[in-house]
>>> print(open('target26.pdb').read())   # PDB, C-alpha atoms, pLDDT in the B column
ATOM      1  CA  MET A   1     145.243-168.573  19.657  1.00 92.00           C
ATOM      2  CA  HIS A   2     143.275-169.593  16.590  1.00 95.00           C
ATOM      3  CA  TYR A   3     144.135-172.668  14.544  1.00 96.00           C
ATOM      4  CA  ALA A   4     142.770-174.136  11.320  1.00 96.00           C
ATOM      5  CA  ILE A   5     142.205-177.567  12.877  1.00 96.00           C
ATOM      6  CA  ASP A   6     143.042-179.561  16.024  1.00 93.00           C
ATOM      7  CA  GLY A   7     145.458-177.003  17.460  1.00 94.00           C
ATOM      8  CA  LYS A   8     147.557-176.977  14.283  1.00 95.00           C
ATOM      9  CA  TYR A   9     148.184-174.441  11.519  1.00 96.00           C
ATOM     10  CA  PRO A  10     147.879-171.078  13.345  1.00 97.00           C
ATOM     11  CA  ILE A  11     145.577-168.476  11.810  1.00 97.00           C
ATOM     12  CA  GLU A  12     145.794-165.793  14.466  1.00 96.00           C
ATOM     13  CA  THR A  13     146.970-163.048  12.112  1.00 96.00           C
ATOM     14  CA  LYS A  14     146.287-162.079   8.500  1.00 94.00           C
ATOM     15  CA  GLU A  15     149.742-163.287   7.555  1.00 95.00           C
ATOM     16  CA  GLN A  16     149.213-166.672   9.217  1.00 97.00           C
ATOM     17  CA  LEU A  17     145.803-167.016   7.604  1.00 96.00           C
ATOM     18  CA  THR A  18     147.234-166.343   4.156  1.00 94.00           C
ATOM     19  CA  LYS A  19     150.115-168.742   4.777  1.00 96.00           C
ATOM     20  CA  ALA A  20     147.701-171.475   5.921  1.00 96.00           C
ATOM     21  CA  ALA A  21     145.536-170.954   2.840  1.00 96.00           C
ATOM     22  CA  GLU A  22     148.582-171.379   0.613  1.00 96.00           C
ATOM     23  CA  TYR A  23     149.533-174.560   2.462  1.00 97.00           C
ATOM     24  CA  PHE A  24     146.082-176.120   2.110  1.00 97.00           C
ATOM     25  CA  ASP A  25     145.991-175.128  -1.555  1.00 95.00           C
ATOM     26  CA  LYS A  26     148.871-177.560  -2.054  1.00 96.00           C
ATOM     27  CA  TYR A  27     148.105-180.264   0.478  1.00 97.00           C
ATOM     28  CA  LEU A  28     144.336-180.345   0.985  1.00 96.00           C
ATOM     29  CA  VAL A  29     144.121-183.840  -0.553  1.00 96.00           C
ATOM     30  CA  ARG A  30     146.043-185.174   2.454  1.00 96.00           C
ATOM     31  CA  PHE A  31     143.081-184.396   4.698  1.00 97.00           C
ATOM     32  CA  HIS A  32     139.851-186.357   5.029  1.00 97.00           C
ATOM     33  CA  PRO A  33     136.883-184.551   3.421  1.00 97.00           C
ATOM     34  CA  LYS A  34     135.219-184.043   6.812  1.00 97.00           C
ATOM     35  CA  ASP A  35     138.407-182.396   8.079  1.00 98.00           C
ATOM     36  CA  ARG A  36     138.394-180.204   4.971  1.00 98.00           C
ATOM     37  CA  VAL A  37     134.985-178.922   6.044  1.00 97.00           C
ATOM     38  CA  LYS A  38     136.332-178.070   9.498  1.00 97.00           C
ATOM     39  CA  ILE A  39     139.358-176.319   8.009  1.00 98.00           C
ATOM     40  CA  ALA A  40     137.380-174.348   5.435  1.00 97.00           C
ATOM     41  CA  SER A  41     134.689-173.262   7.898  1.00 96.00           C
ATOM     42  CA  THR A  42     137.213-172.246  10.561  1.00 96.00           C
ATOM     43  CA  MET A  43     139.306-170.293   8.076  1.00 96.00           C
ATOM     44  CA  GLU A  44     136.284-168.583   6.549  1.00 93.00           C
ATOM     45  CA  LYS A  45     135.104-167.425   9.976  1.00 93.00           C
ATOM     46  CA  ARG A  46     138.577-166.244  10.945  1.00 94.00           C
ATOM     47  CA  ALA A  47     138.904-164.374   7.660  1.00 93.00           C
ATOM     48  CA  SER A  48     135.623-162.608   8.390  1.00 89.00           C
ATOM     49  CA  ASP A  49     136.802-161.682  11.906  1.00 90.00           C
ATOM     50  CA  LEU A  50     140.051-160.291  10.534  1.00 90.00           C
ATOM     51  CA  GLY A  51     138.424-158.506   7.611  1.00 87.00           C
ATOM     52  CA  VAL A  52     140.330-160.613   5.096  1.00 90.00           C
ATOM     53  CA  TYR A  53     138.950-162.022   1.854  1.00 90.00           C
ATOM     54  CA  ILE A  54     140.456-165.369   0.843  1.00 90.00           C
ATOM     55  CA  ASP A  55     139.565-166.142  -2.738  1.00 91.00           C
ATOM     56  CA  ASN A  56     140.049-169.911  -2.562  1.00 94.00           C
ATOM     57  CA  GLY A  57     137.528-172.139  -4.310  1.00 95.00           C
ATOM     58  CA  TRP A  58     137.996-175.018  -1.885  1.00 96.00           C
ATOM     59  CA  ILE A  59     137.059-172.782   1.057  1.00 96.00           C
ATOM     60  CA  LYS A  60     133.808-171.788  -0.659  1.00 96.00           C
ATOM     61  CA  ASN A  61     133.040-175.417  -1.533  1.00 97.00           C
ATOM     62  CA  TYR A  62     133.916-177.080   1.760  1.00 97.00           C
ATOM     63  CA  SER A  63     132.398-174.432   4.041  1.00 95.00           C
ATOM     64  CA  ARG A  64     128.998-174.768   2.316  1.00 95.00           C
ATOM     65  CA  PRO A  65     127.703-177.643   4.560  1.00 93.00           C
ATOM     66  CA  PHE A  66     127.503-175.180   7.461  1.00 89.00           C
ATOM     67  CA  CYS A  67     125.403-172.647   5.533  1.00 86.00           C
ATOM     68  CA  ASP A  68     121.821-172.165   6.718  1.00 83.00           C
ATOM     69  CA  ASN A  69     120.311-173.175   3.366  1.00 85.00           C
ATOM     70  CA  PRO A  70     123.092-174.804   1.353  1.00 90.00           C
ATOM     71  CA  SER A  71     122.576-175.235  -2.371  1.00 90.00           C
ATOM     72  CA  ILE A  72     123.276-178.491  -4.163  1.00 94.00           C
ATOM     73  CA  SER A  73     126.052-178.362  -6.711  1.00 96.00           C
ATOM     74  CA  PRO A  74     125.128-177.910 -10.394  1.00 96.00           C
ATOM     75  CA  ASP A  75     127.663-180.697 -10.996  1.00 96.00           C
ATOM     76  CA  PHE A  76     125.786-183.205  -8.829  1.00 96.00           C
ATOM     77  CA  GLU A  77     124.429-185.350 -11.671  1.00 94.00           C
ATOM     78  CA  LYS A  78     127.826-185.383 -13.383  1.00 95.00           C
ATOM     79  CA  ASN A  79     129.485-186.447 -10.138  1.00 95.00           C
ATOM     80  CA  VAL A  80     126.972-189.273  -9.709  1.00 94.00           C
ATOM     81  CA  GLU A  81     127.717-190.503 -13.240  1.00 94.00           C
ATOM     82  CA  MET A  82     131.422-190.508 -12.416  1.00 94.00           C
ATOM     83  CA  ARG A  83     130.662-192.832  -9.513  1.00 93.00           C
ATOM     84  CA  LYS A  84     128.764-195.194 -11.785  1.00 93.00           C
ATOM     85  CA  ARG A  85     131.739-195.421 -14.115  1.00 92.00           C
ATOM     86  CA  ALA A  86     134.118-195.912 -11.197  1.00 92.00           C
ATOM     87  CA  CYS A  87     131.969-198.809  -9.951  1.00 90.00           C
ATOM     88  CA  GLU A  88     132.052-200.392 -13.401  1.00 88.00           C
ATOM     89  CA  ASP A  89     135.826-200.037 -13.583  1.00 83.00           C
ATOM     90  CA  MET A  90     136.179-201.700 -10.188  1.00 79.00           C
ATOM     91  CA  LYS A  91     133.660-204.383 -11.202  1.00 82.00           C
ATOM     92  CA  VAL A  92     131.339-203.769  -8.260  1.00 78.00           C
ATOM     93  CA  ALA A  93     128.466-202.189 -10.199  1.00 68.00           C
ATOM     94  CA  ASN A  94     126.370-205.352 -10.611  1.00 75.00           C
ATOM     95  CA  LYS A  95     127.263-206.744  -7.222  1.00 76.00           C
ATOM     96  CA  LEU A  96     126.098-203.620  -5.389  1.00 80.00           C
ATOM     97  CA  LYS A  97     123.395-202.607  -7.845  1.00 88.00           C
ATOM     98  CA  ALA A  98     125.311-199.358  -7.902  1.00 87.00           C
ATOM     99  CA  ASP A  99     123.273-197.738 -10.675  1.00 89.00           C
ATOM    100  CA  GLU A 100     120.040-198.402  -8.811  1.00 91.00           C
ATOM    101  CA  ILE A 101     121.349-197.018  -5.526  1.00 91.00           C
ATOM    102  CA  LEU A 102     122.856-193.921  -7.107  1.00 92.00           C
ATOM    103  CA  GLU A 103     119.704-193.248  -9.113  1.00 92.00           C
ATOM    104  CA  LYS A 104     117.670-193.324  -5.905  1.00 91.00           C
ATOM    105  CA  LEU A 105     120.080-190.843  -4.334  1.00 89.00           C
ATOM    106  CA  ALA A 106     119.676-188.564  -7.326  1.00 88.00           C
ATOM    107  CA  GLN A 107     115.895-188.791  -7.058  1.00 90.00           C
ATOM    108  CA  ILE A 108     115.732-187.809  -3.381  1.00 90.00           C
ATOM    109  CA  LYS A 109     118.265-184.958  -3.545  1.00 87.00           C
ATOM    110  CA  ASN A 110     115.477-182.379  -3.661  1.00 86.00           C
ATOM    111  CA  SER A 111     113.410-183.909  -0.881  1.00 90.00           C
ATOM    112  CA  GLU A 112     116.184-184.685   1.620  1.00 90.00           C
ATOM    113  CA  HIS A 113     118.514-182.226   3.325  1.00 91.00           C
ATOM    114  CA  PRO A 114     121.788-182.057   1.354  1.00 94.00           C
ATOM    115  CA  ASN A 115     123.774-183.161   4.407  1.00 93.00           C
ATOM    116  CA  ARG A 116     121.711-186.357   4.450  1.00 94.00           C
ATOM    117  CA  ILE A 117     122.740-187.052   0.840  1.00 95.00           C
ATOM    118  CA  VAL A 118     126.361-186.529   1.869  1.00 96.00           C
ATOM    119  CA  ASP A 119     126.022-189.120   4.643  1.00 96.00           C
ATOM    120  CA  LEU A 120     124.459-191.642   2.255  1.00 96.00           C
ATOM    121  CA  LEU A 121     127.271-191.102  -0.251  1.00 96.00           C
ATOM    122  CA  PHE A 122     129.875-191.680   2.448  1.00 97.00           C
ATOM    123  CA  ASP A 123     128.155-194.985   3.242  1.00 95.00           C
ATOM    124  CA  PHE A 124     128.005-195.921  -0.441  1.00 95.00           C
ATOM    125  CA  ASP A 125     131.651-195.090  -1.117  1.00 95.00           C
ATOM    126  CA  LYS A 126     132.750-197.169   1.862  1.00 94.00           C
ATOM    127  CA  LEU A 127     130.649-200.119   0.712  1.00 91.00           C
ATOM    128  CA  ALA A 128     131.910-199.814  -2.875  1.00 92.00           C
ATOM    129  CA  ASN A 129     135.501-199.258  -1.726  1.00 92.00           C
ATOM    130  CA  LEU A 130     135.586-195.944  -3.591  1.00 94.00           C
ATOM    131  CA  GLU A 131     137.216-193.930  -0.813  1.00 95.00           C
ATOM    132  CA  TYR A 132     140.610-194.449  -2.430  1.00 93.00           C
ATOM    133  CA  GLN A 133     139.299-192.891  -5.638  1.00 95.00           C
ATOM    134  CA  TRP A 134     138.522-189.521  -4.056  1.00 97.00           C
ATOM    135  CA  ASP A 135     140.437-186.701  -5.771  1.00 96.00           C
ATOM    136  CA  LYS A 136     141.277-189.156  -8.548  1.00 94.00           C
ATOM    137  CA  SER A 137     138.457-190.671 -10.597  1.00 93.00           C
ATOM    138  CA  ILE A 138     135.692-189.155  -8.439  1.00 96.00           C
ATOM    139  CA  VAL A 139     135.209-186.260  -6.060  1.00 97.00           C
ATOM    140  CA  ASP A 140     134.423-186.986  -2.424  1.00 98.00           C
ATOM    141  CA  PRO A 141     130.828-186.957  -1.099  1.00 98.00           C
ATOM    142  CA  ILE A 142     131.017-183.380   0.177  1.00 98.00           C
ATOM    143  CA  MET A 143     132.310-182.050  -3.136  1.00 97.00           C
ATOM    144  CA  THR A 144     129.746-184.196  -4.945  1.00 97.00           C
ATOM    145  CA  VAL A 145     126.865-182.482  -3.161  1.00 97.00           C
ATOM    146  CA  PHE A 146     128.221-179.019  -2.376  1.00 97.00           C
ATOM    147  CA  GLY A 147     131.226-178.312  -4.565  1.00 96.00           C
ATOM    148  CA  SER A 148     132.063-177.214  -8.058  1.00 96.00           C
ATOM    149  CA  LEU A 149     135.590-177.174  -9.424  1.00 93.00           C
ATOM    150  CA  ASN A 150     134.537-174.973 -12.332  1.00 94.00           C
ATOM    151  CA  ASN A 151     132.380-172.492 -10.424  1.00 96.00           C
ATOM    152  CA  PRO A 152     132.842-172.410  -6.627  1.00 96.00           C
ATOM    153  CA  GLU A 153     130.523-169.386  -6.487  1.00 96.00           C
ATOM    154  CA  TYR A 154     127.597-171.143  -8.168  1.00 96.00           C
ATOM    155  CA  ASP A 155     125.286-170.099  -5.326  1.00 95.00           C
ATOM    156  CA  ALA A 156     126.168-166.419  -5.558  1.00 96.00           C
ATOM    157  CA  VAL A 157     123.248-164.062  -4.866  1.00 94.00           C
ATOM    158  CA  LYS A 158     122.937-160.590  -6.352  1.00 95.00           C
ATOM    159  CA  VAL A 159     122.427-158.219  -3.431  1.00 95.00           C
ATOM    160  CA  ALA A 160     122.713-154.812  -5.072  1.00 92.00           C
ATOM    161  CA  GLY A 161     122.533-154.494  -8.832  1.00 91.00           C
ATOM    162  CA  ASP A 162     125.015-156.996 -10.242  1.00 93.00           C
ATOM    163  CA  ILE A 163     127.037-157.077  -7.023  1.00 94.00           C
ATOM    164  CA  THR A 164     126.902-160.497  -5.344  1.00 96.00           C
ATOM    165  CA  ASN A 165     127.390-161.554  -1.741  1.00 94.00           C
ATOM    166  CA  TYR A 166     130.859-162.873  -2.605  1.00 94.00           C
ATOM    167  CA  MET A 167     131.818-159.576  -4.242  1.00 94.00           C
ATOM    168  CA  LEU A 168     130.638-157.660  -1.180  1.00 94.00           C
ATOM    169  CA  LYS A 169     132.938-159.634   1.114  1.00 93.00           C
ATOM    170  CA  LYS A 170     135.841-158.968  -1.224  1.00 93.00           C
ATOM    171  CA  ILE A 171     135.069-155.243  -1.385  1.00 93.00           C
ATOM    172  CA  ALA A 172     134.748-155.004   2.405  1.00 92.00           C
ATOM    173  CA  SER A 173     138.245-156.446   2.865  1.00 91.00           C
ATOM    174  CA  ASN A 174     139.790-153.780   0.619  1.00 89.00           C
ATOM    175  CA  GLU A 175     140.579-150.688   2.677  1.00 87.00           C
ATOM    176  CA  THR A 176     140.998-148.496  -0.392  1.00 89.00           C
ATOM    177  CA  GLU A 177     137.540-149.483  -1.614  1.00 89.00           C
ATOM    178  CA  THR A 178     135.846-148.935   1.747  1.00 88.00           C
ATOM    179  CA  ILE A 179     137.410-145.488   2.119  1.00 87.00           C
ATOM    180  CA  LYS A 180     136.169-144.562  -1.347  1.00 87.00           C
ATOM    181  CA  ILE A 181     132.691-145.826  -0.494  1.00 87.00           C
ATOM    182  CA  SER A 182     132.657-143.950   2.835  1.00 86.00           C
ATOM    183  CA  SER A 183     133.176-140.664   1.008  1.00 86.00           C
ATOM    184  CA  ILE A 184     129.685-141.149  -0.435  1.00 84.00           C
ATOM    185  CA  MET A 185     127.928-143.362   2.114  1.00 87.00           C
ATOM    186  CA  GLY A 186     129.509-141.989   5.294  1.00 86.00           C
ATOM    187  CA  LYS A 187     131.960-143.305   7.897  1.00 85.00           C
ATOM    188  CA  GLN A 188     129.222-144.907   9.999  1.00 88.00           C
ATOM    189  CA  PHE A 189     128.231-146.959   6.970  1.00 87.00           C
ATOM    190  CA  GLN A 190     131.871-147.888   6.347  1.00 87.00           C
ATOM    191  CA  SER A 191     132.193-149.300   9.867  1.00 87.00           C
ATOM    192  CA  ALA A 192     129.015-151.388   9.581  1.00 90.00           C
ATOM    193  CA  PHE A 193     129.881-152.552   6.068  1.00 90.00           C
ATOM    194  CA  SER A 194     133.364-153.691   7.078  1.00 87.00           C
ATOM    195  CA  LYS A 195     131.937-155.803   9.915  1.00 87.00           C
ATOM    196  CA  ASP A 196     128.986-157.334   8.053  1.00 91.00           C
ATOM    197  CA  PRO A 197     129.017-156.417   4.358  1.00 93.00           C
ATOM    198  CA  VAL A 198     126.184-158.613   3.114  1.00 93.00           C
ATOM    199  CA  ASN A 199     123.531-157.803   5.723  1.00 94.00           C
ATOM    200  CA  THR A 200     124.509-154.130   5.702  1.00 94.00           C
ATOM    201  CA  ILE A 201     123.669-153.906   2.003  1.00 94.00           C
ATOM    202  CA  ILE A 202     120.570-156.115   2.267  1.00 95.00           C
ATOM    203  CA  ASN A 203     119.118-153.700   4.822  1.00 94.00           C
ATOM    204  CA  LEU A 204     119.638-150.613   2.666  1.00 92.00           C
ATOM    205  CA  LYS A 205     116.748-148.864   0.967  1.00 93.00           C
ATOM    206  CA  PRO A 206     116.584-149.129  -2.854  1.00 93.00           C
ATOM    207  CA  MET A 207     117.953-145.624  -3.381  1.00 92.00           C
ATOM    208  CA  GLU A 208     120.784-146.297  -0.940  1.00 91.00           C
ATOM    209  CA  LYS A 209     121.663-149.482  -2.826  1.00 92.00           C
ATOM    210  CA  GLU A 210     121.846-147.457  -6.030  1.00 92.00           C
ATOM    211  CA  ALA A 211     124.172-144.996  -4.352  1.00 90.00           C
ATOM    212  CA  PHE A 212     126.323-147.858  -3.093  1.00 90.00           C
ATOM    213  CA  CYS A 213     126.581-149.384  -6.579  1.00 91.00           C
ATOM    214  CA  LYS A 214     127.641-146.019  -8.007  1.00 88.00           C
ATOM    215  CA  ALA A 215     130.240-145.666  -5.244  1.00 87.00           C
ATOM    216  CA  VAL A 216     131.677-149.082  -6.050  1.00 87.00           C
ATOM    217  CA  LYS A 217     131.746-148.557  -9.798  1.00 84.00           C
ATOM    218  CA  GLY A 218     132.923-144.982  -9.528  1.00 75.00           C
TER     219      GLY A 218
END
>>> encode(input="target26.pdb", output="structure tokens")
Amino acid sequence: MHYAIDGKYPIETKEQLTKAAEYFDKYLVRFHPKDRVKIASTMEKRASDLGVYIDNGWIKNYSRPFCDNPSISPDFEKNVEMRKRACEDMKVANKLKADEILEKLAQIKNSEHPNRIVDLLFDFDKLANLEYQWDKSIVDPIMTVFGSLNNPEYDAVKVAGDITNYMLKKIASNETETIKISSIMGKQFQSAFSKDPVNTIINLKPMEKEAFCKAVKG
């Protein structure tokens, strides 16, 4: 039996997975950010196994720490500035030299692994007593580094024409679309694409990618 986290919230079937996603949409703030990563990553993997596409921004954002080469959020600087203001409001900015610490974090974000920046932000938020401001005046350390409320797909990569890796996963979960594509690309392709849409398209020859794009748009 598969569960979202700690033996709770079953995600064995497509129906259970969808139901769990709806639940976490409403109540994700009740869970610690590190648990959100576990939930998002587990649900993303289960969705892939079941051939389901769950179009939830929080899953894209919180599963990013487990990516091989995770990208830092385009909102990172804005999120750091929000922390500075929160420290000023709580009158701990001068005491902690908050601006100085946060500026140093911003400076090393390109030289340190993103997960290291997350750990340092967790330490800072605990020291500044900002943990109670998560999901209120600031976003938590994981969202600060990896997430974007406005554009959860900020790290999308075009794989074939204008079709991104996220779009490929969505297409692969749609049986009607895959049947249409198989009429041009073949049933063997359909099987491989349904199991691993992104790598299947990456490994195509240029002319085959063109044919795939036409099949999708047609």
>>> residues_around(input="target26.pdb", residues="stretch 120-125 of chain A", least_positions_apart="6", cutoff="8 Å", atoms="all atoms listed in the file", output="PDB file with C-alpha atoms, keeping the file's coordinate frame")
ATOM      1  CA  LEU A 105     120.080-190.843  -4.334  1.00 89.00           C
ATOM      2  CA  GLU A 131     137.216-193.930  -0.813  1.00 95.00           C
ATOM      3  CA  PRO A 141     130.828-186.957  -1.099  1.00 98.00           C
TER       4      PRO A 141
END
>>> residues_around(input="target26.pdb", residues="A:Asn79", least_positions_apart="4", cutoff="8 Å", atoms="all atoms listed in the file", output="PyMOL selection string")
chain A and resi 75+83+138-139+144
>>> residues_around(input="target26.pdb", residues="A:Asp99", least_positions_apart="5", cutoff="10 Å", atoms="all atoms listed in the file", output="PyMOL selection string")
chain A and resi 80-81+83-85+87-88+93-94+104-105
>>> residues_around(input="target26.pdb", residues="A:Ile142", least_positions_apart="6", cutoff="8 Å", atoms="all atoms listed in the file", output="MDAnalysis selection string")
chainID A and resid 33:34 62 65 118
>>> atom_distance(input="target26.pdb", atom1="atom CA of A:Val145", atom2="atom CA of A:Asp162")
26.5 Å
>>> residues_around(input="target26.pdb", residues="A:Pro70", least_positions_apart="4", cutoff="10 Å", atoms="all atoms listed in the file", output="PyMOL selection string")
chain A and resi 63-66+113-115+145-146+155
>>> atom_distance(input="target26.pdb", atom1="atom CA of A:Ile39", atom2="atom CA of A:Ala4")
5.2 Å
>>> closest_atom_pairs(input="target26.pdb", of="stretch 5-64 of chain A", to="stretch 192-214 of chain A", cutoff="9 Å", atoms="only C-alpha atoms", output="CSV")
residue,atom,partner,partner_atom,distance
A:Ser48,CA,A:Lys195,CA,7.9
A:Asp49,CA,A:Lys195,CA,7.9
A:Gly51,CA,A:Ser194,CA,7.0
>>> atom_distance(input="target26.pdb", atom1="atom CA of A:Thr176", atom2="atom CA of A:Lys19")
22.8 Å
>>> resolve_selection(input="target26.pdb", expression="the PyMOL selection byres ((chain A and resi 1) around 9)", output="list in words")
His2, Tyr3, Gly7, Pro10, Ile11 and Glu12 of chain A
>>> closest_residue(input="target26.pdb", among="A:Ile54, A:Leu28, A:Leu127, A:Cys67", to="A:Leu96", atoms="all atoms listed in the file")
A:Leu127
>>> resolve_selection(input="target26.pdb", expression="the PyMOL selection byres ((chain A and resi 24) around 12)", output="VMD selection string")
chain A and resid 4 to 5 9 17 to 23 25 to 31 35 to 36 39 to 40 43 56 to 59
>>> closest_residue(input="target26.pdb", among="A:Ala47, A:Ile101, A:Thr178, A:Lys217", to="A:Gly161", atoms="all atoms listed in the file")
A:Lys217
>>> closest_residue(input="target26.pdb", among="A:Gln190, A:Asn150, A:Gln133, A:Gln107", to="A:Ser73", atoms="all atoms listed in the file")
A:Asn150
>>> decode(input="target26.pdb", residues="stretch 146-175 of chain A", atoms="C-alpha atoms", output="PDB file, in the first residue's frame")
ATOM      1  CA  PHE A 146      12.940  26.339  -4.811  1.00  0.00           C
ATOM      2  CA  GLY A 147       9.397  27.633  -5.117  1.00  0.00           C
ATOM      3  CA  SER A 148       7.413  30.210  -6.996  1.00  0.00           C
ATOM      4  CA  LEU A 149       3.785  30.976  -6.249  1.00  0.00           C
ATOM      5  CA  ASN A 150       3.396  32.804  -9.554  1.00  0.00           C
ATOM      6  CA  ASN A 151       5.197  30.323 -11.799  1.00  0.00           C
ATOM      7  CA  PRO A 152       5.730  26.814 -10.369  1.00  0.00           C
ATOM      8  CA  GLU A 153       7.073  25.716 -13.765  1.00  0.00           C
ATOM      9  CA  TYR A 154       9.832  28.333 -13.885  1.00  0.00           C
ATOM     10  CA  ASP A 155      12.416  25.632 -14.614  1.00  0.00           C
ATOM     11  CA  ALA A 156      10.519  24.190 -17.564  1.00  0.00           C
ATOM     12  CA  VAL A 157      12.746  22.951 -20.404  1.00  0.00           C
ATOM     13  CA  LYS A 158      11.686  22.875 -24.040  1.00  0.00           C
ATOM     14  CA  VAL A 159      12.256  19.321 -25.246  1.00  0.00           C
ATOM     15  CA  ALA A 160      10.622  19.336 -28.668  1.00  0.00           C
ATOM     16  CA  GLY A 161       9.726  22.607 -30.331  1.00  0.00           C
ATOM     17  CA  ASP A 162       7.759  24.608 -27.775  1.00  0.00           C
ATOM     18  CA  ILE A 163       6.744  21.491 -25.848  1.00  0.00           C
ATOM     19  CA  THR A 164       8.253  21.428 -22.347  1.00  0.00           C
ATOM     20  CA  ASN A 165       9.028  18.568 -19.991  1.00  0.00           C
ATOM     21  CA  TYR A 166       5.960  19.458 -17.913  1.00  0.00           C
ATOM     22  CA  MET A 167       3.734  19.430 -20.997  1.00  0.00           C
ATOM     23  CA  LEU A 168       5.087  16.024 -21.998  1.00  0.00           C
ATOM     24  CA  LYS A 169       4.102  14.496 -18.661  1.00  0.00           C
ATOM     25  CA  LYS A 170       0.625  15.953 -19.020  1.00  0.00           C
ATOM     26  CA  ILE A 171       0.264  14.638 -22.575  1.00  0.00           C
ATOM     27  CA  ALA A 172       1.477  11.169 -21.563  1.00  0.00           C
ATOM     28  CA  SER A 173      -1.240  10.917 -18.903  1.00  0.00           C
ATOM     29  CA  ASN A 174      -3.991  11.627 -21.447  1.00  0.00           C
ATOM     30  CA  GLU A 175      -5.045   8.383 -23.114  1.00  0.00           C
TER      31      GLU A 175
END
